[in-house]
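Colleague: Let me give you the structure first, and then I'll get to my questions.
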Amino acid sequence: MEISVTSISFSIAFTVILTCLWKVLNWVWLKPKKLEKLLRQQGFSGNSYKLLHGDTKEMFMITKQAKTTPINPLSHDIAPRVVPFHHLIIKNYGKKSIIWDGTKPTINITDPKLIRDIMSKPEIFRKPKSNPLTKLIVHGMFRYEGAQWFRVRKIANPAFHLEKLKDMLPKFYLSCNEMIEKWKASISNKEYGELDVWPDITTLTSDVISRAAFDSSYKDGRKIFQLLNEQNNLMVQVMPFFHIPGWRFLPFEANRKLKSNHNEIRELIKGIIRKREDALKIGKANNDDLLGLLVESNHREIEEHGNKQSGMSLEEVIEECKLFYFAGQETTQSLIVWAMVSLCMHPNWQERAREEVFNVFGNNVPQFDELNHLKEVNKILHEALRLYPPANFLSRTTIKESKIGELTIPPGVQLSVPIILVHHDEDYWGSDAKEFNPDRFSHGVSHASKNDQVSFFPFGWGPRICIGQNFALLEAKLALAMILQNFSLQLSPTYVHAPIRNLTLKPQHGAQIILSKI
């Protein structure tokens, strides 16, 4: 009997070990090689799969090297520096190429027709399952899928209607004016002065989103911003290790700090939300900011359906507040700084824009309806978004075998849409694709490229297009108009043209600009 029990125990243990070994073998070798074969049969090319790490080592080294080399200060051909590995792979293997993110193959999708197909079917092509560490920065609607995404998007939509943004314009103006006055004071009695405008633009966008989202000044919200910025920097540090299973559980300092910051941010935002909910209950709701509008819309949704499940939970509201902060700041600061740098590089466009601003506003305070008359400024902002998209990639995946065009995508394959490479592609934008030419948007966004397909999508496209794009464009348009009202701009000799991908596109060494009073 004892021998029998021992034999059974041994058999069970042996079976468990064998099963585990098989799963590991399948994960690190068999499944990647099977997917590689299926993709190569459909015309995809790329490096052969390397055990466990794939292309990550080479990607890390090439990206690190690219950061050490600036580019020509008058060039907009930034992709080899910003996305060097993707640029190299496509250069070597063509547009139908594979990149290995550890054991997972990622295929590059650059055909506008296929991009339209992917972006228009969010129920099939979903956001990849994110590393749990990324949730410590921002989650919310950006990551939700299916019914949860639809419910939260529906509740949040009213806060971003144009008539609501119109009411927020005075808050935008207050923050912009503070920056303008600071710049004037820094020049003092001189006719001109050199300034790194990047920190002030960061402060501006932080201030705007604080006032617009929470009706508080940047100083009141500085703790949340400090923590979110720290989270951003920590995430960049740990990103090369995302593909290593269990890495997030190791007690490294970066991991511990990410978690403690996350908890502190949650508590700060939770306190703000509860004050709003208490005010709503006693009829003293503040609905002239994004949080107030969100709480009011959520309350209305719950009352209409008679149950809390139809509305947003406290956790979901917290995540949307984090998203307000993060996306509202990151995207707009990137757009403003690269628009300013581009106007320094192209003084003829700077003069065209300034002439338009004075024709529309003179020296008066810009008004909401008048901002719609800034056609030249609008074209400049769209061209800046084309050449310097804040987000450089969109990623999607499928949970079952799916078709796009003539391609069959097996489960386990990620799809990468490299926004910056599509935006710079001569096949879609012509021989001047890497040049600054806002006139290409003279007939609107839909007719700017050669093929009238989805070739321009800085805020995404389709049902999941960024809910805050009108917010970002309105803020950037007002800021640029007020800057042009007060200063002429010239790149400083100390400026180093070094765009870098740090979640959004940023100037690695700042943006040193000579401001001259007008």
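Residue numbers start at 1 in each chain; chains themselves are named A, B, ... in the order of the structure tokens; ligands are numbered from 1 in the order shown.
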Would you please extract all helix (DSSP H, G or I) residues from stretch 288-516 of chain A, as assigned by DSSP on the backbone, and give them as a PyMOL selection string?
Modeller: chain A and resi 290-305+308-310+314-345+347-361+368-371+375-387+419-423+426-429+438-441+445-447+462-464+469-486
Colleague: Which neighbours of stretch 40-53 of chain A fall inside 10 Å, counting only C-alpha atoms, when residues of the same chain fewer than 4 positions from it are skipped, and could you give them as a PDB file with N, CA and C atoms, in the first residue's frame?
Modeller:
```
ATOM      1  N   TRP A  27       5.769  28.562 -24.191  1.00  0.00           N
ATOM      2  CA  TRP A  27       5.793  30.021 -24.044  1.00  0.00           C
ATOM      3  C   TRP A  27       7.064  30.629 -24.635  1.00  0.00           C
ATOM      4  N   VAL A  28       8.215  30.023 -24.333  1.00  0.00           N
ATOM      5  CA  VAL A  28       9.473  30.663 -24.725  1.00  0.00           C
ATOM      6  C   VAL A  28       9.943  30.264 -26.121  1.00  0.00           C
ATOM      7  N   TRP A  29       9.362  29.192 -26.698  1.00  0.00           N
ATOM      8  CA  TRP A  29       9.891  28.774 -27.999  1.00  0.00           C
ATOM      9  C   TRP A  29       8.825  28.304 -28.997  1.00  0.00           C
ATOM     10  N   PRO A  32       6.055  31.142 -30.037  1.00  0.00           N
ATOM     11  CA  PRO A  32       6.653  32.218 -30.854  1.00  0.00           C
ATOM     12  C   PRO A  32       7.078  31.736 -32.241  1.00  0.00           C
ATOM     13  N   LYS A  33       7.676  30.545 -32.336  1.00  0.00           N
ATOM     14  CA  LYS A  33       8.124  30.050 -33.642  1.00  0.00           C
ATOM     15  C   LYS A  33       6.935  29.713 -34.544  1.00  0.00           C
ATOM     16  N   LEU A  35       3.958  31.246 -34.437  1.00  0.00           N
ATOM     17  CA  LEU A  35       3.433  32.534 -34.892  1.00  0.00           C
ATOM     18  C   LEU A  35       4.346  33.147 -35.946  1.00  0.00           C
ATOM     19  N   GLU A  36       5.642  33.005 -35.747  1.00  0.00           N
ATOM     20  CA  GLU A  36       6.597  33.541 -36.728  1.00  0.00           C
ATOM     21  C   GLU A  36       6.384  32.899 -38.093  1.00  0.00           C
ATOM     22  N   LYS A  57      16.726  43.500 -26.468  1.00  0.00           N
ATOM     23  CA  LYS A  57      18.095  43.948 -26.195  1.00  0.00           C
ATOM     24  C   LYS A  57      18.581  44.919 -27.258  1.00  0.00           C
ATOM     25  N   GLU A  58      18.383  44.528 -28.524  1.00  0.00           N
ATOM     26  CA  GLU A  58      18.812  45.386 -29.625  1.00  0.00           C
ATOM     27  C   GLU A  58      18.030  46.700 -29.625  1.00  0.00           C
ATOM     28  N   ILE A  89      13.888  48.713 -38.606  1.00  0.00           N
ATOM     29  CA  ILE A  89      13.257  47.464 -39.032  1.00  0.00           C
ATOM     30  C   ILE A  89      12.483  47.665 -40.334  1.00  0.00           C
ATOM     31  N   ILE A  90      11.724  48.738 -40.410  1.00  0.00           N
ATOM     32  CA  ILE A  90      10.946  49.003 -41.628  1.00  0.00           C
ATOM     33  C   ILE A  90      11.867  49.335 -42.797  1.00  0.00           C
ATOM     34  N   ASN A  92      14.870  48.120 -43.212  1.00  0.00           N
ATOM     35  CA  ASN A  92      15.547  46.879 -43.616  1.00  0.00           C
ATOM     36  C   ASN A  92      14.592  45.835 -44.182  1.00  0.00           C
ATOM     37  N   TYR A  93      13.377  45.768 -43.649  1.00  0.00           N
ATOM     38  CA  TYR A  93      12.478  44.669 -44.009  1.00  0.00           C
ATOM     39  C   TYR A  93      11.200  45.109 -44.717  1.00  0.00           C
ATOM     40  N   GLY A  94      10.976  46.411 -44.815  1.00  0.00           N
ATOM     41  CA  GLY A  94       9.759  46.883 -45.470  1.00  0.00           C
ATOM     42  C   GLY A  94       8.634  47.141 -44.480  1.00  0.00           C
ATOM     43  N   LYS A  95       7.528  47.640 -44.997  1.00  0.00           N
ATOM     44  CA  LYS A  95       6.408  48.035 -44.135  1.00  0.00           C
ATOM     45  C   LYS A  95       5.716  46.838 -43.486  1.00  0.00           C
ATOM     46  N   LYS A  96       5.743  45.682 -44.157  1.00  0.00           N
ATOM     47  CA  LYS A  96       5.159  44.470 -43.559  1.00  0.00           C
ATOM     48  C   LYS A  96       6.259  43.781 -42.749  1.00  0.00           C
ATOM     49  N   SER A  97       6.465  44.281 -41.539  1.00  0.00           N
ATOM     50  CA  SER A  97       7.602  43.809 -40.753  1.00  0.00           C
ATOM     51  C   SER A  97       7.164  43.373 -39.356  1.00  0.00           C
ATOM     52  N   ILE A  98       8.030  42.572 -38.730  1.00  0.00           N
ATOM     53  CA  ILE A  98       7.779  42.024 -37.401  1.00  0.00           C
ATOM     54  C   ILE A  98       8.810  42.578 -36.428  1.00  0.00           C
ATOM     55  N   ILE A  99       8.356  42.892 -35.216  1.00  0.00           N
ATOM     56  CA  ILE A  99       9.251  43.237 -34.117  1.00  0.00           C
ATOM     57  C   ILE A  99       8.890  42.343 -32.939  1.00  0.00           C
ATOM     58  N   TRP A 100       9.915  41.796 -32.276  1.00  0.00           N
ATOM     59  CA  TRP A 100       9.682  40.869 -31.173  1.00  0.00           C
ATOM     60  C   TRP A 100       9.783  41.593 -29.844  1.00  0.00           C
ATOM     61  N   ASP A 101       8.635  41.725 -29.162  1.00  0.00           N
ATOM     62  CA  ASP A 101       8.596  42.280 -27.815  1.00  0.00           C
ATOM     63  C   ASP A 101       8.670  41.115 -26.837  1.00  0.00           C
ATOM     64  N   GLY A 102       9.890  40.693 -26.546  1.00  0.00           N
ATOM     65  CA  GLY A 102      10.056  39.471 -25.772  1.00  0.00           C
ATOM     66  C   GLY A 102       9.597  38.285 -26.586  1.00  0.00           C
ATOM     67  N   THR A 103       8.641  37.531 -26.060  1.00  0.00           N
ATOM     68  CA  THR A 103       8.135  36.344 -26.763  1.00  0.00           C
ATOM     69  C   THR A 103       6.956  36.663 -27.677  1.00  0.00           C
ATOM     70  N   LYS A 104       6.509  37.932 -27.679  1.00  0.00           N
ATOM     71  CA  LYS A 104       5.328  38.306 -28.463  1.00  0.00           C
ATOM     72  C   LYS A 104       5.720  39.008 -29.760  1.00  0.00           C
ATOM     73  N   PRO A 105       5.215  38.514 -30.898  1.00  0.00           N
ATOM     74  CA  PRO A 105       5.480  39.212 -32.155  1.00  0.00           C
ATOM     75  C   PRO A 105       4.533  40.404 -32.321  1.00  0.00           C
ATOM     76  N   ILE A 107       3.380  43.143 -35.267  1.00  0.00           N
ATOM     77  CA  ILE A 107       3.464  43.468 -36.695  1.00  0.00           C
ATOM     78  C   ILE A 107       3.150  44.944 -36.891  1.00  0.00           C
ATOM     79  N   ASN A 108       3.933  45.585 -37.745  1.00  0.00           N
ATOM     80  CA  ASN A 108       3.720  46.993 -38.058  1.00  0.00           C
ATOM     81  C   ASN A 108       2.637  47.130 -39.120  1.00  0.00           C
ATOM     82  N   PHE A 241      12.018  46.403 -18.852  1.00  0.00           N
ATOM     83  CA  PHE A 241      11.913  45.124 -18.152  1.00  0.00           C
ATOM     84  C   PHE A 241      10.483  44.578 -18.116  1.00  0.00           C
ATOM     85  N   HIS A 243       8.731  42.920 -20.146  1.00  0.00           N
ATOM     86  CA  HIS A 243       8.477  41.591 -20.698  1.00  0.00           C
ATOM     87  C   HIS A 243       8.946  40.463 -19.786  1.00  0.00           C
ATOM     88  N   ILE A 244       9.645  40.796 -18.701  1.00  0.00           N
ATOM     89  CA  ILE A 244      10.164  39.773 -17.795  1.00  0.00           C
ATOM     90  C   ILE A 244       9.069  39.381 -16.804  1.00  0.00           C
ATOM     91  N   GLU A 406      -6.485  41.456 -46.490  1.00  0.00           N
ATOM     92  CA  GLU A 406      -6.180  40.088 -46.889  1.00  0.00           C
ATOM     93  C   GLU A 406      -5.400  39.332 -45.825  1.00  0.00           C
ATOM     94  N   LEU A 407      -5.147  39.987 -44.688  1.00  0.00           N
ATOM     95  CA  LEU A 407      -4.317  39.390 -43.650  1.00  0.00           C
ATOM     96  C   LEU A 407      -5.168  38.622 -42.640  1.00  0.00           C
ATOM     97  N   THR A 408      -4.644  37.504 -42.181  1.00  0.00           N
ATOM     98  CA  THR A 408      -5.255  36.739 -41.096  1.00  0.00           C
ATOM     99  C   THR A 408      -4.351  36.882 -39.876  1.00  0.00           C
ATOM    100  N   ILE A 409      -4.906  37.444 -38.809  1.00  0.00           N
ATOM    101  CA  ILE A 409      -4.126  37.714 -37.610  1.00  0.00           C
ATOM    102  C   ILE A 409      -4.451  36.664 -36.555  1.00  0.00           C
TER     103      ILE A 409
END
```
Colleague: Could you check the closest approach to A:Lys154 for each of A:Cys176, A:Ile467, A:Leu39, A:Ile224 and tell me which residue wins, using only C-alpha atoms?
Modeller: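 With only C-alpha atoms as the atom set, the closest residue is A:Ile467.
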Colleague: Find the residues around A:Phe361 up to 10 Å (only C-alpha atoms counted), leave out those fewer than 6 positions away in its own chain, and share them as a compact mmCIF listing (two decimals) with C-alpha atoms, in the first residue's frame.
Modeller:
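Full text of out.txt as output:
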```
# COMPACT_ATOMS: atom_id res chain seq x y z
CA GLN A 367 -12.86 85.22 -27.55
CA GLU A 370 -13.14 84.40 -32.82
CA LEU A 371 -10.75 81.50 -32.27
CA HIS A 373 -11.49 82.25 -37.46
CA LEU A 374 -7.80 81.40 -36.97
CA ALA A 481 -2.42 83.17 -30.43
CA MET A 482 -1.51 84.97 -27.20
CA GLN A 485 0.28 88.70 -29.93
```
Colleague: Quick one, how far is atom CA of A:Ala66 from atom CA of A:Leu503?
Modeller: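 Answer for the atom CA of A:Ala66 to atom CA of A:Leu503 separation: 16.2 Å.
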Colleague: Could you go through stretch 229-465 of chain A and tell me which residues DSSP, when run on the backbone, assigns to strand (DSSP E), listing them as number ranges by chain?
Modeller: A: 393-397, 402-404, 407-409, 414-418
Colleague: Within 9 Å of A:Leu162, counting only C-alpha atoms, which residues show up once you throw out same-chain ones fewer than 5 positions away? Write them as a PyMOL selection string, please.
Modeller: chain A and resi 167+470-471
Colleague: With N, CA and C atoms retained, write the just-selected residues as a short mmCIF file (atom, residue, chain, number, x, y, z; two decimals), in the first residue's frame.
Modeller:
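Listing of result.cif after writing:
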```
data_model
loop_
_atom_site.label_atom_id
_atom_site.label_comp_id
_atom_site.auth_asym_id
_atom_site.auth_seq_id
_atom_site.Cartn_x
_atom_site.Cartn_y
_atom_site.Cartn_z
N ASP A 167 -17.27 77.67 -21.88
CA ASP A 167 -17.36 78.22 -20.53
C ASP A 167 -16.04 78.16 -19.79
N ASN A 470 -10.67 68.19 -28.63
CA ASN A 470 -11.13 69.59 -28.76
C ASN A 470 -10.58 70.45 -27.62
N PHE A 471 -10.49 69.87 -26.43
CA PHE A 471 -9.90 70.55 -25.28
C PHE A 471 -8.45 70.93 -25.59
#
```
Colleague: With a distance cut-off of 6 Å and only C-alpha atoms, select the neighbouring residues of A:Ser492, excluding the residue or stretch itself and same-chain residues fewer than 4 positions from it, and output the selection as a ChimeraX atom specification.
Modeller: /A:512-514
Colleague: Generate the output file for the selected residues, C-alpha atoms, as a short mmCIF file (atom, residue, chain, number, x, y, z; two decimals), in the first residue's frame.
Modeller:
```
data_model
loop_
_atom_site.label_atom_id
_atom_site.label_comp_id
_atom_site.auth_asym_id
_atom_site.auth_seq_id
_atom_site.Cartn_x
_atom_site.Cartn_y
_atom_site.Cartn_z
CA GLN A 512 15.64 77.60 -25.78
CA ILE A 513 13.92 80.42 -27.66
CA ILE A 514 14.75 84.10 -28.03
#
```
Colleague: Between A:Gln350, A:Asn298, A:Ser75, A:Ser488, which residue has the minimum interatomic distance to A:Arg151, considering only C-alpha atoms?
Modeller: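 Once distances to A:Arg151 are computed over only C-alpha atoms, the minimum belongs to A:Asn298.
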Colleague: To one decimal place in Å, what is the distance between atom CA of A:Asn392 and atom CA of A:Ile419?
Modeller: 5.1 Å
Colleague: Tell me, as a list in words, which residues lie within 10 Å of A:Lys308, counting only C-alpha atoms; anything in the same chain fewer than 5 positions away does not count.
Modeller: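 Everything that qualifies: Asn298, His299, Glu301, Ile302, Glu303 and Ser313 of chain A.
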Colleague: Take the selection from the previous step and output its residues with C-alpha atoms, as a PDB file, in the first residue's frame.
Modeller:
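As written to disk, again05.pdb reads:
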```pdb
ATOM      1  CA  ASN A 298     -22.733  60.350 -13.286  1.00  0.00           C
ATOM      2  CA  HIS A 299     -25.375  61.305 -10.717  1.00  0.00           C
ATOM      3  CA  GLU A 301     -27.177  58.529 -15.094  1.00  0.00           C
ATOM      4  CA  ILE A 302     -27.670  56.709 -11.776  1.00  0.00           C
ATOM      5  CA  GLU A 303     -30.964  58.531 -11.090  1.00  0.00           C
ATOM      6  CA  SER A 313     -17.821  53.720  -9.285  1.00  0.00           C
TER       7      SER A 313
END
```
Colleague: What is the atom CA of A:Leu195-atom CA of A:Asn486 distance in Å, reported with one decimal?
Modeller: 14.7 Å
Colleague: Which residue out of A:Gln148, A:Leu385, A:Ser9, A:Phe14 has the minimum interatomic distance to A:Thr332 when only C-alpha atoms are used?
Modeller: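 Once distances to A:Thr332 are computed over only C-alpha atoms, the minimum belongs to A:Leu385.
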